[in-house]
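Shown next: upload-v3.txt, containing compact mmCIF, C-alpha atoms.
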```txt
# COMPACT_ATOMS: atom_id res chain seq x y z
CA MET A 293 -39.21 3.85 16.54
CA LYS A 294 -37.72 4.85 13.23
CA LYS A 295 -33.99 5.49 13.35
CA ARG A 296 -32.73 8.85 12.15
CA SER A 297 -30.34 8.96 9.25
CA LYS A 298 -27.56 11.50 9.07
CA TYR A 299 -26.05 12.10 5.64
CA LEU A 300 -22.41 13.09 5.32
CA SER A 301 -21.36 14.71 2.08
CA PHE A 302 -17.65 14.53 1.24
CA ALA A 303 -16.33 17.10 -1.23
CA ASN A 304 -14.03 14.52 -2.87
CA LEU A 305 -16.52 11.65 -3.22
CA ASN A 306 -19.23 10.88 -5.77
CA GLY A 307 -21.84 9.99 -3.16
CA PRO A 308 -22.69 10.42 0.50
CA VAL A 309 -22.05 8.33 3.58
CA VAL A 310 -25.19 7.58 5.59
CA LEU A 311 -25.19 7.03 9.35
CA THR A 312 -28.44 5.54 10.62
CA GLY A 313 -29.00 5.50 14.37
CA CYS A 314 -25.31 6.12 14.95
CA ALA A 315 -24.72 9.84 14.85
CA ASP A 316 -22.14 9.21 17.60
CA LEU A 317 -19.71 8.07 14.88
CA ARG A 318 -19.73 11.43 13.12
CA PRO A 319 -17.45 13.33 15.55
CA VAL A 320 -15.02 10.39 15.54
CA ILE A 321 -14.95 10.29 11.73
CA GLU A 322 -14.42 14.05 11.55
CA GLN A 323 -11.73 13.93 14.19
CA VAL A 324 -9.55 11.35 12.41
CA LEU A 325 -9.78 13.05 9.00
CA ARG A 326 -7.83 16.09 7.84
CA GLY A 327 -8.91 18.20 4.88
CA TRP A 328 -11.83 16.00 3.83
CA ASN A 329 -14.41 18.80 3.88
CA VAL A 330 -17.32 16.85 5.39
CA SER A 331 -20.78 18.47 5.40
CA PRO A 332 -23.59 16.84 7.37
CA TYR A 333 -27.20 17.26 6.32
CA GLU A 334 -30.55 15.62 6.99
CA GLY A 335 -32.22 14.86 3.69
CA PRO A 336 -31.52 12.22 1.08
CA HIS A 337 -28.85 12.83 -1.54
CA GLN A 338 -29.21 12.84 -5.30
CA ALA A 339 -26.43 10.27 -5.59
CA GLU A 340 -26.63 6.74 -4.20
CA PRO A 341 -24.95 6.35 -0.81
CA LEU A 342 -21.43 4.95 -1.15
CA ILE A 343 -21.30 3.61 2.39
CA THR A 344 -23.99 3.10 5.01
CA ILE A 345 -23.53 2.37 8.69
CA GLU A 346 -26.52 1.42 10.80
CA LYS A 347 -26.66 0.77 14.53
CA SER A 348 -28.39 -2.57 15.11
CA GLY A 349 -28.48 -3.74 18.72
CA ASN A 350 -24.95 -3.37 20.02
CA PHE A 351 -23.41 -3.46 16.57
CA TYR A 352 -22.50 -0.92 13.93
CA ILE A 353 -23.30 -2.63 10.64
CA ARG A 354 -21.58 -1.28 7.52
CA ARG A 355 -22.57 -1.94 3.94
CA SER A 356 -20.82 -0.83 0.78
CA ARG A 357 -20.04 -2.09 -2.71
CA TRP A 358 -16.57 -3.04 -1.52
CA LEU A 359 -17.88 -5.51 1.03
CA SER A 360 -19.11 -8.94 -0.03
CA GLN A 361 -21.20 -9.06 3.14
CA PRO A 362 -22.06 -6.51 5.84
CA ALA A 363 -19.33 -5.87 8.41
CA GLY A 364 -20.30 -5.52 12.07
CA PHE A 365 -18.39 -3.94 14.95
CA GLU A 366 -19.33 -3.50 18.58
CA ASP A 367 -16.75 -0.84 19.37
CA PRO A 368 -17.38 2.54 17.71
CA LEU A 369 -13.68 3.14 17.07
CA ASP A 370 -13.27 -0.28 15.46
CA ALA A 371 -16.27 0.60 13.28
CA VAL A 372 -14.60 3.87 12.22
CA CYS A 373 -11.17 2.23 11.66
CA ASP A 374 -12.71 -0.27 9.27
CA PHE A 375 -14.93 2.38 7.66
CA LEU A 376 -11.75 4.24 6.64
CA VAL A 377 -10.79 1.30 4.40
CA ASP A 378 -13.98 1.78 2.40
CA LEU A 379 -13.58 5.55 2.48
CA SER A 380 -10.12 5.22 0.88
CA LYS A 381 -11.60 2.96 -1.81
CA ALA A 382 -14.44 5.42 -2.41
CA TYR A 383 -11.89 8.22 -2.77
CA LEU A 384 -9.91 6.20 -5.32
CA GLU A 385 -13.03 5.34 -7.28
CA SER A 386 -14.19 8.96 -7.29
CA ASN A 387 -10.86 10.11 -8.73
CA ALA A 388 -10.24 8.41 -12.06
CA ASN A 389 -6.91 6.70 -12.73
CA MET A 390 -5.59 7.19 -9.25
CA MET A 391 -3.42 4.37 -7.93
CA CYS A 392 -2.94 3.57 -4.28
CA LEU A 393 0.00 2.03 -2.45
CA HIS A 394 -0.12 0.37 0.93
CA GLY A 395 2.53 2.04 3.01
CA ALA A 396 3.60 5.05 5.04
CA ALA A 397 5.18 8.26 3.74
CA ALA A 398 6.89 11.24 5.33
CA HIS A 399 8.27 14.46 3.89
CA PHE A 400 11.93 14.88 4.82
CA ASP A 401 14.13 17.85 3.84
CA HIS A 402 15.19 16.01 0.68
CA GLY A 403 11.65 15.06 -0.32
CA LEU A 404 8.89 12.55 0.25
CA VAL A 405 10.00 9.05 1.27
CA VAL A 406 7.65 6.07 1.04
CA PHE A 407 7.83 3.02 3.31
CA PRO A 408 5.94 0.13 1.71
CA SER A 409 4.05 -1.91 4.24
CA THR A 410 5.86 -4.97 5.53
CA TYR A 411 5.00 -7.40 8.26
CA ARG A 412 6.02 -6.36 11.78
CA ALA A 413 7.92 -3.29 10.56
CA GLY A 414 6.12 -0.94 12.92
CA LYS A 415 5.45 1.64 10.22
CA SER A 416 2.81 3.49 12.26
CA ILE A 417 5.14 3.77 15.26
CA LEU A 418 7.90 4.91 12.90
CA SER A 419 5.53 7.43 11.31
CA VAL A 420 4.67 8.98 14.66
CA GLU A 421 8.33 8.95 15.73
CA LEU A 422 9.25 10.82 12.55
CA ALA A 423 6.46 13.33 13.21
CA ARG A 424 7.87 13.78 16.72
CA ARG A 425 11.22 14.67 15.13
CA GLY A 426 9.58 17.40 13.04
CA ILE A 427 9.15 15.46 9.80
CA ARG A 428 5.78 16.11 8.17
CA LEU A 429 3.79 12.93 7.91
CA PHE A 430 1.85 12.16 4.73
CA SER A 431 0.42 8.79 5.71
CA ASP A 432 0.96 5.84 8.00
CA ASP A 433 -1.01 3.35 5.93
CA VAL A 434 -2.29 4.16 2.43
CA LEU A 435 -0.86 6.47 -0.20
CA PRO A 436 -2.87 7.54 -3.26
CA ILE A 437 -0.83 8.30 -6.39
CA GLU A 438 -2.20 10.91 -8.77
CA HIS A 439 -2.54 10.13 -12.43
CA ASP A 440 -0.75 12.79 -14.46
CA ARG A 441 2.47 13.36 -12.51
CA ASN A 442 2.66 10.21 -10.37
CA PHE A 443 2.89 12.47 -7.30
CA ALA A 444 1.87 10.97 -3.97
CA LEU A 445 -1.19 12.47 -2.31
CA ALA A 446 -1.77 12.73 1.40
CA PRO A 447 -4.85 10.71 2.42
CA GLY A 448 -5.61 13.10 5.28
CA ILE A 449 -6.00 10.44 7.98
CA LEU A 450 -4.45 10.58 11.45
CA PRO A 451 -1.86 7.87 12.20
CA ARG A 452 -3.20 5.01 14.26
CA LEU A 453 -1.18 3.12 16.86
CA ARG A 454 -1.90 -0.33 18.14
CA LEU A 455 -2.13 -0.53 21.94
CA PRO A 456 -0.33 -1.14 24.19
CA LEU A 457 2.55 0.95 22.91
CA PRO A 458 5.81 -1.01 22.53
CA THR A 459 7.84 -1.04 25.71
CA ASP A 460 11.03 -0.03 23.88
CA MET A 461 9.65 3.39 22.95
CA GLY A 462 11.11 6.05 25.23
CA GLY A 463 9.43 8.58 27.45
CA GLY A 464 9.73 11.29 24.79
CA PHE A 465 7.61 9.27 22.37
CA LYS A 466 5.01 8.46 25.00
CA SER A 467 4.80 12.13 26.07
CA PHE A 468 4.40 13.16 22.42
CA VAL A 469 1.51 10.73 21.94
CA LYS A 470 -0.09 11.79 25.20
CA SER A 471 0.12 15.45 24.19
CA ARG A 472 -1.77 14.73 20.96
CA PRO A 473 -4.85 12.83 22.11
CA GLY A 474 -7.08 11.25 19.50
CA ALA A 475 -9.96 8.79 19.43
CA ALA A 476 -8.99 5.59 21.22
CA SER A 477 -10.26 2.15 22.16
CA ASP A 478 -8.73 -0.74 24.08
CA ARG A 479 -6.91 -1.78 20.90
CA PHE A 480 -6.10 1.38 18.97
CA GLN A 481 -5.30 5.03 19.42
CA TYR A 482 -5.29 7.76 16.80
CA VAL A 483 -2.60 10.37 17.32
CA GLY A 484 -4.01 13.87 16.95
CA LEU A 485 -1.06 15.37 15.12
CA HIS A 486 -1.10 19.12 14.75
CA HIS A 487 -1.88 20.57 11.35
CA HIS A 488 1.75 21.32 10.52
CA GLU A 489 2.70 17.75 11.47
CA LEU A 490 0.27 15.94 9.12
CA ALA A 491 -0.45 16.77 5.48
CA ALA A 492 -4.13 17.27 4.74
CA LEU A 493 -6.04 15.29 2.10
CA GLY A 494 -4.77 15.98 -1.41
CA GLU A 495 -1.47 17.61 -0.54
CA ALA A 496 0.86 16.41 -3.30
CA ALA A 497 4.58 15.71 -3.50
CA PRO A 498 6.87 13.80 -5.87
CA ILE A 499 8.25 10.55 -4.45
CA SER A 500 11.96 11.10 -3.81
CA GLY A 501 12.71 7.91 -1.93
CA ILE A 502 11.38 4.41 -1.35
CA VAL A 503 12.74 2.50 1.63
CA LEU A 504 11.89 -1.12 2.38
CA LEU A 505 11.70 -1.72 6.12
CA ASP A 506 13.25 -4.88 7.52
CA ARG A 507 12.95 -5.06 11.28
CA ASP A 508 15.39 -7.60 12.61
CA ASP A 509 16.14 -7.73 16.32
CA ALA A 510 19.50 -9.40 15.67
CA HIS A 511 20.71 -6.88 13.12
CA GLY A 512 22.45 -3.56 13.73
CA PRO A 513 20.93 -0.51 12.05
CA GLU A 514 21.95 -0.22 8.41
CA LEU A 515 20.55 1.54 5.37
CA LEU A 516 21.60 -0.53 2.38
CA PRO A 517 21.13 0.00 -1.35
CA ALA A 518 18.16 -1.92 -2.73
CA ARG A 519 17.52 -3.31 -6.20
CA ALA A 520 14.79 -1.68 -8.24
CA SER A 521 13.24 -5.10 -8.89
CA ASP A 522 12.95 -5.83 -5.15
CA VAL A 523 11.29 -2.48 -4.53
CA LEU A 524 8.95 -3.04 -7.47
CA LYS A 525 7.95 -6.51 -6.30
CA ASN A 526 7.17 -5.08 -2.91
CA ILE A 527 5.06 -2.15 -4.05
CA ILE A 528 3.26 -4.11 -6.77
CA LEU A 529 2.17 -6.63 -4.15
CA ARG A 530 0.84 -3.80 -2.04
CA ASN A 531 -0.88 -1.64 -4.61
CA PHE A 532 -4.65 -1.76 -4.76
CA SER A 533 -5.54 -0.02 -7.98
CA ARG A 534 -8.29 -2.25 -9.22
CA THR A 535 -9.64 0.11 -11.87
CA ILE A 536 -6.37 0.65 -13.75
CA ALA A 537 -4.98 -1.79 -16.29
CA ALA A 538 -2.14 -3.92 -14.93
CA THR A 539 0.26 -2.74 -17.66
CA GLU A 540 -0.33 0.87 -16.71
CA VAL A 541 0.15 0.09 -13.02
CA LEU A 542 3.38 -1.73 -13.81
CA ASP A 543 4.74 1.05 -16.03
CA ARG A 544 3.84 3.78 -13.57
CA LEU A 545 5.46 1.91 -10.70
CA ILE A 546 8.59 1.29 -12.79
CA THR A 547 8.74 5.03 -13.50
CA ILE A 548 8.22 5.95 -9.84
CA SER A 549 10.83 3.50 -8.51
CA GLY A 550 13.25 4.48 -11.29
CA GLN A 551 13.14 8.13 -10.22
CA ALA A 552 13.43 7.47 -6.49
CA ASP A 553 16.39 6.96 -4.18
CA ILE A 554 15.73 3.40 -3.04
CA GLY A 555 17.05 1.56 -0.01
CA LEU A 556 16.63 -1.31 2.42
CA LEU A 557 16.60 -0.31 6.07
CA LYS A 558 17.56 -2.99 8.58
CA TYR A 559 16.97 -2.06 12.19
CA ALA A 560 16.13 -3.44 15.59
CA THR A 561 14.41 -0.39 17.11
CA VAL A 562 12.28 2.40 15.70
CA GLY A 563 14.66 4.96 17.19
CA GLN A 564 17.55 3.51 15.17
CA ALA A 565 15.45 3.56 12.03
CA ALA A 566 14.45 7.20 12.55
CA ASP A 567 18.10 8.21 13.19
CA LEU A 568 19.28 6.66 9.93
CA LEU A 569 16.39 8.03 7.90
CA CYS A 570 16.92 11.57 9.22
CA GLU A 571 20.63 11.30 8.43
CA ARG A 572 20.00 10.07 4.88
CA PHE A 573 17.00 12.17 3.87
CA GLY A 574 17.41 15.24 6.10
CA ALA A 575 15.46 16.12 9.21
CA ARG A 576 13.10 19.00 8.83
CA LYS A 577 13.08 21.41 11.76
CA SER A 578 9.84 21.59 13.70
CA ALA A 579 7.59 24.45 12.72
CA MET B 3 6.05 -29.97 -28.67
CA CYS B 4 7.70 -26.55 -28.44
CA TYR B 5 6.62 -23.42 -26.65
CA MET B 6 7.35 -19.74 -27.11
CA GLN B 7 6.35 -16.36 -25.75
CA ASN B 8 2.88 -15.17 -26.68
CA GLN B 9 3.37 -12.01 -28.75
CA GLU B 10 0.49 -10.41 -26.85
CA THR B 11 2.26 -10.70 -23.50
CA VAL B 12 3.50 -7.40 -22.08
CA ILE B 13 7.08 -7.81 -20.85
CA ARG B 14 9.08 -5.50 -18.59
CA ARG B 15 12.60 -6.41 -17.47
CA VAL B 16 13.93 -4.81 -14.30
CA ASP B 17 17.35 -5.98 -13.07
CA ASP B 18 17.22 -9.74 -13.62
CA SER B 19 13.51 -10.03 -12.94
CA VAL B 20 10.83 -10.25 -15.61
CA PHE B 21 7.35 -8.81 -15.05
CA LEU B 22 4.65 -10.15 -17.36
CA VAL B 23 1.10 -9.00 -17.97
CA ASN B 24 -1.60 -10.80 -19.92
CA PRO B 25 -3.54 -7.79 -21.25
CA ALA B 26 -6.62 -9.91 -21.90
CA THR B 27 -7.01 -10.93 -18.25
CA ASP B 28 -5.03 -8.08 -16.66
CA ALA B 29 -3.12 -10.64 -14.59
CA MET B 30 0.44 -9.80 -13.62
CA PHE B 31 3.25 -12.30 -13.10
CA LEU B 32 6.81 -12.13 -11.89
CA LEU B 33 9.64 -14.41 -12.90
CA ASP B 34 12.93 -14.44 -11.01
CA GLY B 35 16.11 -16.47 -11.20
CA ALA B 36 15.69 -19.62 -13.28
CA GLY B 37 12.19 -18.51 -14.28
CA SER B 38 13.50 -15.35 -15.93
CA VAL B 39 16.24 -17.34 -17.70
CA LEU B 40 13.60 -19.71 -19.05
CA TRP B 41 11.44 -16.79 -20.15
CA LEU B 42 14.28 -15.24 -22.14
CA ALA B 43 14.91 -18.59 -23.84
CA LEU B 44 11.22 -18.77 -24.77
CA ALA B 45 11.76 -15.84 -27.15
CA GLU B 46 12.35 -18.66 -29.67
CA PRO B 47 10.48 -21.99 -29.91
CA LEU B 48 11.79 -24.25 -27.17
CA ALA B 49 11.00 -27.85 -26.14
CA ALA B 50 10.65 -28.68 -22.44
CA GLU B 51 13.65 -31.07 -22.61
CA ASP B 52 15.79 -28.32 -24.14
CA ALA B 53 14.65 -25.92 -21.43
CA VAL B 54 15.80 -28.40 -18.78
CA ARG B 55 19.19 -28.81 -20.51
CA LEU B 56 19.59 -25.04 -20.74
CA LEU B 57 18.83 -24.50 -17.06
CA LEU B 58 21.22 -27.27 -16.01
CA ILE B 59 23.96 -25.42 -17.92
CA ALA B 60 22.98 -22.11 -16.26
CA PHE B 61 22.63 -23.72 -12.81
CA PRO B 62 25.03 -26.73 -12.82
CA GLU B 63 24.61 -27.37 -9.10
CA ALA B 64 20.86 -27.91 -9.48
CA ASP B 65 19.29 -31.37 -9.28
CA SER B 66 18.11 -32.49 -12.74
CA GLY B 67 14.92 -34.11 -11.39
CA THR B 68 13.97 -30.91 -9.56
CA VAL B 69 14.72 -28.76 -12.61
CA SER B 70 12.65 -31.04 -14.85
CA HIS B 71 9.72 -30.90 -12.42
CA ASP B 72 9.96 -27.11 -12.04
CA VAL B 73 10.18 -26.55 -15.82
CA ASP B 74 7.07 -28.67 -16.40
CA ALA B 75 5.18 -26.79 -13.70
CA LEU B 76 6.22 -23.36 -14.97
CA ILE B 77 5.42 -24.16 -18.60
CA ARG B 78 2.01 -25.42 -17.53
CA GLU B 79 1.35 -22.24 -15.56
CA LEU B 80 2.55 -19.95 -18.37
CA LEU B 81 0.34 -21.85 -20.79
CA ASP B 82 -2.66 -21.70 -18.45
CA HIS B 83 -2.31 -17.94 -18.33
CA GLN B 84 -1.69 -17.66 -22.09
CA LEU B 85 1.67 -16.02 -21.55
CA ILE B 86 3.24 -18.59 -23.89
CA VAL B 87 1.80 -20.59 -26.77
CA GLU B 88 2.39 -24.03 -28.17
CA VAL B 89 4.19 -24.17 -31.54
CA GLN B 90 4.91 -27.11 -33.80
```
Starting from the coordinates I provided, produce the structure as structure tokens.
Amino acid sequence: MKKRSKYLSFANLNGPVVLTGCADLRPVIEQVLRGWNVSPYEGPHQAEPLITIEKSGNFYIRRSRWLSQPAGFEDPLDAVCDFLVDLSKAYLESNANMMCLHGAAAHFDHGLVVFPSTYRAGKSILSVELARRGIRLFSDDVLPIEHDRNFALAPGILPRLRLPLPTDMGGGFKSFVKSRPGAASDRFQYVGLHHHELAALGEAAPISGIVLLDRDDAHGPELLPARASDVLKNIILRNFSRTIAATEVLDRLITISGQADIGLLKYATVGQAADLLCERFGARKSA
Amino acid sequence: MCYMQNQETVIRRVDDSVFLVNPATDAMFLLDGAGSVLWLALAEPLAAEDAVRLLLIAFPEADSGTVSHDVDALIRELLDHQLIVEVQ
């Protein structure tokens, strides 16, 4: 029997996403995205598909120009999680001269603060904890940077937590997560933040702060000054702007880090980190 | 044989670090510490032995054998990526 293909048109992309024999992924994809303006339709599209996912046996097989070979996943949520990597790349490619940093970002009273991704920092847990404290989340993972003003853009993707949740997170955090259910598997859970808690795709803000996270169980909480060169090294390593010349990437990142309040946050628990960040950058009251 | 910075190399100094880009290959490099000191010295033609002497003055506690080895390795890498050129 021939499998049915469902085309998904995204307002911000140059081509469609095609789901073949796996229409069950569509509600999950739509649930984890905010502001992406997805329109499903049956027929073929004038433009070449950017990403295809086909159900084959027990596996969801994804193909795209960003994959050297097809990627297969048995769990539908794992398939969607990994699909979002390609979706972010498709978004970048469809929007000329956009850079992208790997890291989280949240909008405090004093402005948008970026947390470049570092090993074991718990940036997704921190992101959700900040949202719980009324700070509007921009991203817990990737952060597009627009071309003309170097403003950060919200990617419009729900934060994703790795399961099980850390045992040191209190009951308030667990209740918050429970009250905002999202798609989940044995390994991951998306947190269905309310609309005022998560910026939708394309919402823009200048970068006011960049804070390097250094989780160290033996170290008391401290927000220290950081050197611009250390911040630059960190964000250059974690930028994935393959279509922009390296000199332009470097100069734009120097400009961004030069205009931002930069710091190094040492902490043992996410609660400590959130306390210090709210004190330094201002805690927005819940809407 | 002396070496010096390739005039085509894009150079950005931030604090005491030096970020380099080869515009032909779009490859980016970072030099810190002794590497950035060596890079600054390569603004003028410099022989490897003179580079070692310079770094031993800047870092007197360093082991001369290690410095010599590291200078050779760095010069080779900078040459490989056309960030510096050979001069007579």
Report task. Would you work out the distance separating atom CA of A:Leu493 from atom CA of A:Asp433, expressed in Å to one decimal? Result -> 13.5 Å
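Atom CA of A:Arg472 sits 10.9 Å away from atom CA of A:Glu489.
As for atom CA of B:Ser38 and atom CA of A:Glu514, they are spaced 29.9 Å apart.
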Please identify all polymer residues lying at most 12 Å from the point (-14.3, 15.9, 5.1) (file coordinates), using all atoms listed in the file, and present the result as a PDB file with C-alpha atoms, in the coordinates of the input.
```pdb
ATOM      1  CA  LEU A 300     -22.410  13.090   5.320  1.00  0.00           C
ATOM      2  CA  SER A 301     -21.360  14.710   2.080  1.00  0.00           C
ATOM      3  CA  PHE A 302     -17.650  14.530   1.240  1.00  0.00           C
ATOM      4  CA  ALA A 303     -16.330  17.100  -1.230  1.00  0.00           C
ATOM      5  CA  ASN A 304     -14.030  14.520  -2.870  1.00  0.00           C
ATOM      6  CA  LEU A 305     -16.520  11.650  -3.220  1.00  0.00           C
ATOM      7  CA  PRO A 308     -22.690  10.420   0.500  1.00  0.00           C
ATOM      8  CA  VAL A 309     -22.050   8.330   3.580  1.00  0.00           C
ATOM      9  CA  ARG A 318     -19.730  11.430  13.120  1.00  0.00           C
ATOM     10  CA  PRO A 319     -17.450  13.330  15.550  1.00  0.00           C
ATOM     11  CA  VAL A 320     -15.020  10.390  15.540  1.00  0.00           C
ATOM     12  CA  ILE A 321     -14.950  10.290  11.730  1.00  0.00           C
ATOM     13  CA  GLU A 322     -14.420  14.050  11.550  1.00  0.00           C
ATOM     14  CA  GLN A 323     -11.730  13.930  14.190  1.00  0.00           C
ATOM     15  CA  VAL A 324      -9.550  11.350  12.410  1.00  0.00           C
ATOM     16  CA  LEU A 325      -9.780  13.050   9.000  1.00  0.00           C
ATOM     17  CA  ARG A 326      -7.830  16.090   7.840  1.00  0.00           C
ATOM     18  CA  GLY A 327      -8.910  18.200   4.880  1.00  0.00           C
ATOM     19  CA  TRP A 328     -11.830  16.000   3.830  1.00  0.00           C
ATOM     20  CA  ASN A 329     -14.410  18.800   3.880  1.00  0.00           C
ATOM     21  CA  VAL A 330     -17.320  16.850   5.390  1.00  0.00           C
ATOM     22  CA  SER A 331     -20.780  18.470   5.400  1.00  0.00           C
ATOM     23  CA  PRO A 332     -23.590  16.840   7.370  1.00  0.00           C
ATOM     24  CA  LEU A 379     -13.580   5.550   2.480  1.00  0.00           C
ATOM     25  CA  TYR A 383     -11.890   8.220  -2.770  1.00  0.00           C
ATOM     26  CA  PRO A 447      -4.850  10.710   2.420  1.00  0.00           C
ATOM     27  CA  GLY A 448      -5.610  13.100   5.280  1.00  0.00           C
ATOM     28  CA  ILE A 449      -6.000  10.440   7.980  1.00  0.00           C
ATOM     29  CA  ALA A 492      -4.130  17.270   4.740  1.00  0.00           C
ATOM     30  CA  LEU A 493      -6.040  15.290   2.100  1.00  0.00           C
ATOM     31  CA  GLY A 494      -4.770  15.980  -1.410  1.00  0.00           C
TER      32      GLY A 494
END
```
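Counting only C-alpha atoms, the residue from B:Ala43, B:Val69, B:Leu56, B:Leu85 that sits nearest to B:Phe21 is B:Leu85.
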Requested in this report: Tell me which of A:Ala565, A:Ile554, A:Val483, A:Ala538 sits closest to chain B, counting all atoms listed in the file.
Outcome: A:Ala538
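What chain B places within 7 Å of chain A, counting only C-alpha atoms, is Val16, Asp17, Ser19, Val23, Asp28, Ala29 and Met30 of chain B.
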Requested in this report: Fewer than 6 positions away in the same chain doesn't count, so skip those; otherwise give me all residues within 9 Å of B:Leu40, counting only C-alpha atoms, as a PyMOL selection string.
Outcome: chain B and resi 53-54+56-57+73
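Nearest residue to B:Asp18 among B:Gln84, B:Met3, B:Arg55, B:Ala36 is B:Ala36, counting all atoms listed in the file.
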Query raised in the report: Quick one: residues within 12 Å of stretch 401-404 of chain A, all atoms listed in the file counted, chain neighbours fewer than 4 positions away excluded, as number ranges by chain?
Result: A: 396-397, 426-431, 435, 443-446, 491, 495-503, 552-554, 569-578
Grab the residues selected above and save them as an mmCIF file, in the coordinates of the input with C-alpha atoms.
```cif
data_model
loop_
_atom_site.group_PDB
_atom_site.id
_atom_site.type_symbol
_atom_site.label_atom_id
_atom_site.label_comp_id
_atom_site.auth_asym_id
_atom_site.auth_seq_id
_atom_site.Cartn_x
_atom_site.Cartn_y
_atom_site.Cartn_z
ATOM 1 C CA ALA A 396 3.600 5.050 5.040
ATOM 2 C CA ALA A 397 5.180 8.260 3.740
ATOM 3 C CA GLY A 426 9.580 17.400 13.040
ATOM 4 C CA ILE A 427 9.150 15.460 9.800
ATOM 5 C CA ARG A 428 5.780 16.110 8.170
ATOM 6 C CA LEU A 429 3.790 12.930 7.910
ATOM 7 C CA PHE A 430 1.850 12.160 4.730
ATOM 8 C CA SER A 431 0.420 8.790 5.710
ATOM 9 C CA LEU A 435 -0.860 6.470 -0.200
ATOM 10 C CA PHE A 443 2.890 12.470 -7.300
ATOM 11 C CA ALA A 444 1.870 10.970 -3.970
ATOM 12 C CA LEU A 445 -1.190 12.470 -2.310
ATOM 13 C CA ALA A 446 -1.770 12.730 1.400
ATOM 14 C CA ALA A 491 -0.450 16.770 5.480
ATOM 15 C CA GLU A 495 -1.470 17.610 -0.540
ATOM 16 C CA ALA A 496 0.860 16.410 -3.300
ATOM 17 C CA ALA A 497 4.580 15.710 -3.500
ATOM 18 C CA PRO A 498 6.870 13.800 -5.870
ATOM 19 C CA ILE A 499 8.250 10.550 -4.450
ATOM 20 C CA SER A 500 11.960 11.100 -3.810
ATOM 21 C CA GLY A 501 12.710 7.910 -1.930
ATOM 22 C CA ILE A 502 11.380 4.410 -1.350
ATOM 23 C CA VAL A 503 12.740 2.500 1.630
ATOM 24 C CA ALA A 552 13.430 7.470 -6.490
ATOM 25 C CA ASP A 553 16.390 6.960 -4.180
ATOM 26 C CA ILE A 554 15.730 3.400 -3.040
ATOM 27 C CA LEU A 569 16.390 8.030 7.900
ATOM 28 C CA CYS A 570 16.920 11.570 9.220
ATOM 29 C CA GLU A 571 20.630 11.300 8.430
ATOM 30 C CA ARG A 572 20.000 10.070 4.880
ATOM 31 C CA PHE A 573 17.000 12.170 3.870
ATOM 32 C CA GLY A 574 17.410 15.240 6.100
ATOM 33 C CA ALA A 575 15.460 16.120 9.210
ATOM 34 C CA ARG A 576 13.100 19.000 8.830
ATOM 35 C CA LYS A 577 13.080 21.410 11.760
ATOM 36 C CA SER A 578 9.840 21.590 13.700
#
```
